[in-house]
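Novice: My structure is below; once you've seen it, I'll send some questions.
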Amino acid sequence: MDFSGTWKVYSEENLEEFLKVIGAPDMVVKMRKDVKPELVIEQNGRDFTCTMKTPFCSRVNCFTVGKESEICALDGRKVKCTVREEDGKLICETSKFTSVREIQGDEMIDTITAGSVTFISRSKRV
């Protein structure tokens, strides 16, 4: 599956609850809840560079499928994970959350679960 491209988030469900569950500072929750980020994904085989852009900041995560990496979570903290690919989906499991990124039709869906809270983000290619 080719995730490359620029993606604009148009829908987010349970973002505020999710950020609180993972322990994000109140300032991050307040700033992030009204912003729909842009995601730029560069894929070269199994190597990925994912940039999340908002008016407040940009975050870049680089990883190779199957190798341990350090990524920056939505709350800004660094976590270690190994991203794997299953059935065209990118799956990242950390001690704090599990993330599943997939493409369905013309949209990219990110489903991130921490405890009993699931955050769902939907994006379209720009």
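Following the order of the structure tokens, chains are lettered A, B, ..., residues in each are numbered from 1, and ligands are numbered from 1.
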As number ranges by chain, please: every residue in chain A that a backbone DSSP assignment puts in alpha helix (DSSP H).

Specialist: A: 15-21, 26-32

Novice: Dump all heavy atoms for the selected residues as a tab-separated table (two decimals), in the first residue's frame?

Specialist:
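Written output follows (out-v3.tsv):
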chain	number	residue	atom	x	y	z
A	15	LEU	N	-10.59	12.96	20.13
A	15	LEU	CA	-9.23	13.48	20.28
A	15	LEU	C	-8.98	13.96	21.71
A	15	LEU	O	-7.98	13.59	22.33
A	15	LEU	CB	-8.96	14.61	19.29
A	15	LEU	CG	-7.61	15.32	19.48
A	15	LEU	CD1	-6.46	14.37	19.23
A	15	LEU	CD2	-7.52	16.53	18.58
A	16	GLU	N	-9.87	14.80	22.22
A	16	GLU	CA	-9.66	15.38	23.55
A	16	GLU	C	-9.57	14.29	24.62
A	16	GLU	O	-8.66	14.30	25.45
A	16	GLU	CB	-10.81	16.34	23.86
A	16	GLU	CG	-10.47	17.40	24.87
A	16	GLU	CD	-11.54	18.48	24.97
A	16	GLU	OE1	-12.31	18.70	24.00
A	16	GLU	OE2	-11.60	19.10	26.03
A	17	GLU	N	-10.49	13.32	24.59
A	17	GLU	CA	-10.46	12.23	25.56
A	17	GLU	C	-9.18	11.42	25.43
A	17	GLU	O	-8.56	11.05	26.43
A	17	GLU	CB	-11.65	11.29	25.34
A	17	GLU	CG	-13.00	11.90	25.66
A	17	GLU	CD	-14.13	10.99	25.18
A	17	GLU	OE1	-14.10	9.79	25.48
A	17	GLU	OE2	-15.02	11.51	24.48
A	18	PHE	N	-8.76	11.16	24.20
A	18	PHE	CA	-7.54	10.39	23.96
A	18	PHE	C	-6.32	11.11	24.53
A	18	PHE	O	-5.50	10.50	25.24
A	18	PHE	CB	-7.35	10.13	22.46
A	18	PHE	CG	-6.07	9.44	22.14
A	18	PHE	CD1	-5.93	8.08	22.33
A	18	PHE	CD2	-4.98	10.16	21.67
A	18	PHE	CE1	-4.73	7.43	22.05
A	18	PHE	CE2	-3.78	9.53	21.39
A	18	PHE	CZ	-3.65	8.16	21.58
A	19	LEU	N	-6.20	12.40	24.25
A	19	LEU	CA	-5.04	13.16	24.75
A	19	LEU	C	-5.01	13.17	26.27
A	19	LEU	O	-3.93	13.06	26.87
A	19	LEU	CB	-5.08	14.59	24.20
A	19	LEU	CG	-4.76	14.73	22.71
A	19	LEU	CD1	-5.01	16.16	22.25
A	19	LEU	CD2	-3.33	14.31	22.41
A	20	LYS	N	-6.16	13.26	26.90
A	20	LYS	CA	-6.21	13.23	28.37
A	20	LYS	C	-5.79	11.87	28.91
A	20	LYS	O	-5.06	11.78	29.89
A	20	LYS	CB	-7.61	13.60	28.86
A	20	LYS	CG	-7.92	15.07	28.67
A	20	LYS	CD	-9.33	15.41	29.10
A	20	LYS	CE	-9.61	16.90	28.84
A	20	LYS	NZ	-10.99	17.25	29.15
A	21	VAL	N	-6.24	10.78	28.25
A	21	VAL	CA	-5.90	9.42	28.70
A	21	VAL	C	-4.39	9.17	28.62
A	21	VAL	O	-3.83	8.52	29.49
A	21	VAL	CB	-6.67	8.36	27.89
A	21	VAL	CG1	-6.08	6.97	28.04
A	21	VAL	CG2	-8.12	8.33	28.31
A	26	ASP	N	-2.68	20.00	29.65
A	26	ASP	CA	-3.91	20.73	29.29
A	26	ASP	C	-3.69	21.70	28.14
A	26	ASP	O	-4.55	21.86	27.28
A	26	ASP	CB	-4.47	21.48	30.49
A	26	ASP	CG	-5.08	20.55	31.52
A	26	ASP	OD1	-5.42	19.40	31.16
A	26	ASP	OD2	-5.22	20.97	32.69
A	27	MET	N	-2.52	22.34	28.10
A	27	MET	CA	-2.22	23.30	27.04
A	27	MET	C	-2.23	22.60	25.67
A	27	MET	O	-2.76	23.13	24.69
A	27	MET	CB	-0.87	23.97	27.27
A	27	MET	CG	-0.54	25.03	26.24
A	27	MET	SD	1.06	25.80	26.53
A	27	MET	CE	2.14	24.56	25.84
A	28	VAL	N	-1.66	21.40	25.59
A	28	VAL	CA	-1.64	20.64	24.33
A	28	VAL	C	-3.06	20.27	23.93
A	28	VAL	O	-3.44	20.41	22.76
A	28	VAL	CB	-0.75	19.38	24.46
A	28	VAL	CG1	-0.92	18.47	23.26
A	28	VAL	CG2	0.70	19.77	24.65
A	29	VAL	N	-3.87	19.84	24.89
A	29	VAL	CA	-5.25	19.46	24.60
A	29	VAL	C	-6.01	20.67	24.05
A	29	VAL	O	-6.70	20.57	23.03
A	29	VAL	CB	-5.95	18.91	25.87
A	29	VAL	CG1	-7.42	18.64	25.60
A	29	VAL	CG2	-5.26	17.64	26.36
A	30	LYS	N	-5.88	21.82	24.70
A	30	LYS	CA	-6.59	23.03	24.26
A	30	LYS	C	-6.14	23.48	22.87
A	30	LYS	O	-6.97	23.83	22.03
A	30	LYS	CB	-6.38	24.16	25.26
A	30	LYS	CG	-7.14	23.98	26.54
A	30	LYS	CD	-6.85	25.09	27.53
A	30	LYS	CE	-7.49	24.78	28.86
A	30	LYS	NZ	-7.13	25.75	29.90
A	31	MET	N	-4.84	23.48	22.62
A	31	MET	CA	-4.32	23.94	21.33
A	31	MET	C	-4.70	22.99	20.20
A	31	MET	O	-5.05	23.42	19.11
A	31	MET	CB	-2.79	24.07	21.38
A	31	MET	CG	-2.33	25.26	22.17
A	31	MET	SD	-0.53	25.56	22.19
A	31	MET	CE	0.21	24.21	21.38
A	32	ARG	N	-4.66	21.70	20.47
A	32	ARG	CA	-4.83	20.71	19.41
A	32	ARG	C	-6.29	20.45	19.03
A	32	ARG	O	-6.58	20.08	17.91
A	32	ARG	CB	-4.12	19.43	19.87
A	32	ARG	CG	-4.09	18.30	18.91
A	32	ARG	CD	-3.41	18.61	17.60
A	32	ARG	NE	-3.52	17.45	16.75
A	32	ARG	CZ	-4.61	17.13	16.06
A	32	ARG	NH1	-5.65	17.90	16.07
A	32	ARG	NH2	-4.64	16.03	15.34

Novice: Excluding same-chain residues fewer than 5 positions from Glu93 in chain A, what lies within 7 Å of it counting only C-alpha atoms, as an MDAnalysis selection string?

Specialist: chainID A and resid 81:82 98:99

Novice: Just all heavy atoms for this one: save the residues we selected as a PDB file, in the first residue's frame.

Specialist:
ATOM      1  N   CYS A  81       8.880   2.146  19.411  1.00  0.00           N
ATOM      2  CA  CYS A  81       7.933   1.203  18.828  1.00  0.00           C
ATOM      3  C   CYS A  81       8.572   0.541  17.608  1.00  0.00           C
ATOM      4  O   CYS A  81       9.560   1.027  17.074  1.00  0.00           O
ATOM      5  CB  CYS A  81       6.634   1.889  18.432  1.00  0.00           C
ATOM      6  SG  CYS A  81       6.773   2.912  16.974  1.00  0.00           S
ATOM      7  N   THR A  82       7.964  -0.556  17.222  1.00  0.00           N
ATOM      8  CA  THR A  82       8.318  -1.215  15.970  1.00  0.00           C
ATOM      9  C   THR A  82       7.059  -1.251  15.127  1.00  0.00           C
ATOM     10  O   THR A  82       6.059  -1.852  15.525  1.00  0.00           O
ATOM     11  CB  THR A  82       8.854  -2.637  16.211  1.00  0.00           C
ATOM     12  OG1 THR A  82      10.013  -2.550  17.049  1.00  0.00           O
ATOM     13  CG2 THR A  82       9.227  -3.307  14.897  1.00  0.00           C
ATOM     14  N   THR A  98      -1.879   1.831  20.835  1.00  0.00           N
ATOM     15  CA  THR A  98      -1.738   1.059  19.599  1.00  0.00           C
ATOM     16  C   THR A  98      -2.339   1.880  18.472  1.00  0.00           C
ATOM     17  O   THR A  98      -3.453   2.393  18.594  1.00  0.00           O
ATOM     18  CB  THR A  98      -2.466  -0.299  19.694  1.00  0.00           C
ATOM     19  OG1 THR A  98      -1.878  -1.049  20.748  1.00  0.00           O
ATOM     20  CG2 THR A  98      -2.346  -1.079  18.390  1.00  0.00           C
ATOM     21  N   SER A  99      -1.593   2.034  17.381  1.00  0.00           N
ATOM     22  CA  SER A  99      -2.026   2.830  16.240  1.00  0.00           C
ATOM     23  C   SER A  99      -2.132   1.939  15.005  1.00  0.00           C
ATOM     24  O   SER A  99      -1.234   1.144  14.736  1.00  0.00           O
ATOM     25  CB  SER A  99      -1.005   3.942  15.989  1.00  0.00           C
ATOM     26  OG  SER A  99      -1.239   4.575  14.757  1.00  0.00           O
TER      27      SER A  99
END

Novice: Using backbone DSSP assignments, extract all strand (DSSP E) residues from range 9-111 of chain A; output them as an MDAnalysis selection string.

Specialist: chainID A and resid 9:13 38:44 47:53 58:64 68:72 78:86 89:93 98:104 107:111

Novice: Would you kindly return, as a list of chain:residue names, each protein, DNA or RNA residue with an atom no farther than 9 Å from any atom of range 51-68 of chain A, considering only C-alpha atoms and excluding same-chain residues fewer than 3 positions away?

Specialist: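 Final neighbour list, sorted by chain and number: A:Met31, A:Arg32, A:Val35, A:Lys36, A:Pro37, A:Glu38, A:Leu39, A:Val40, A:Ile41, A:Glu42, A:Gly45, A:Arg46, A:Asp47, A:Phe48, A:Ile71, A:Cys72, A:Gly76, A:Lys80, A:Cys81, A:Thr82, A:Val83, A:Arg84, A:Glu85, A:Leu90.
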
Novice: Pick from A:Arg125, A:Lys33, A:Lys89, A:Lys78: nearest to Thr111 in chain A, with only C-alpha atoms counted?

Specialist: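 Of A:Arg125, A:Lys33, A:Lys89, A:Lys78, the one nearest Thr111 in chain A, counting only C-alpha atoms, is A:Lys89.
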
Novice: A:Ala24, A:Cys92, A:Ala73, A:Ile103: which is nearest Phe3 in chain A, counting only C-alpha atoms?

Specialist: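 Once distances to Phe3 in chain A are computed over only C-alpha atoms, the minimum belongs to A:Ile103.
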
Novice: Can you work out the spacing between CA of Ile109 in chain A and CA of Ser11 in chain A in Å, to one decimal?

Specialist: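 The value is 9.7 Å.
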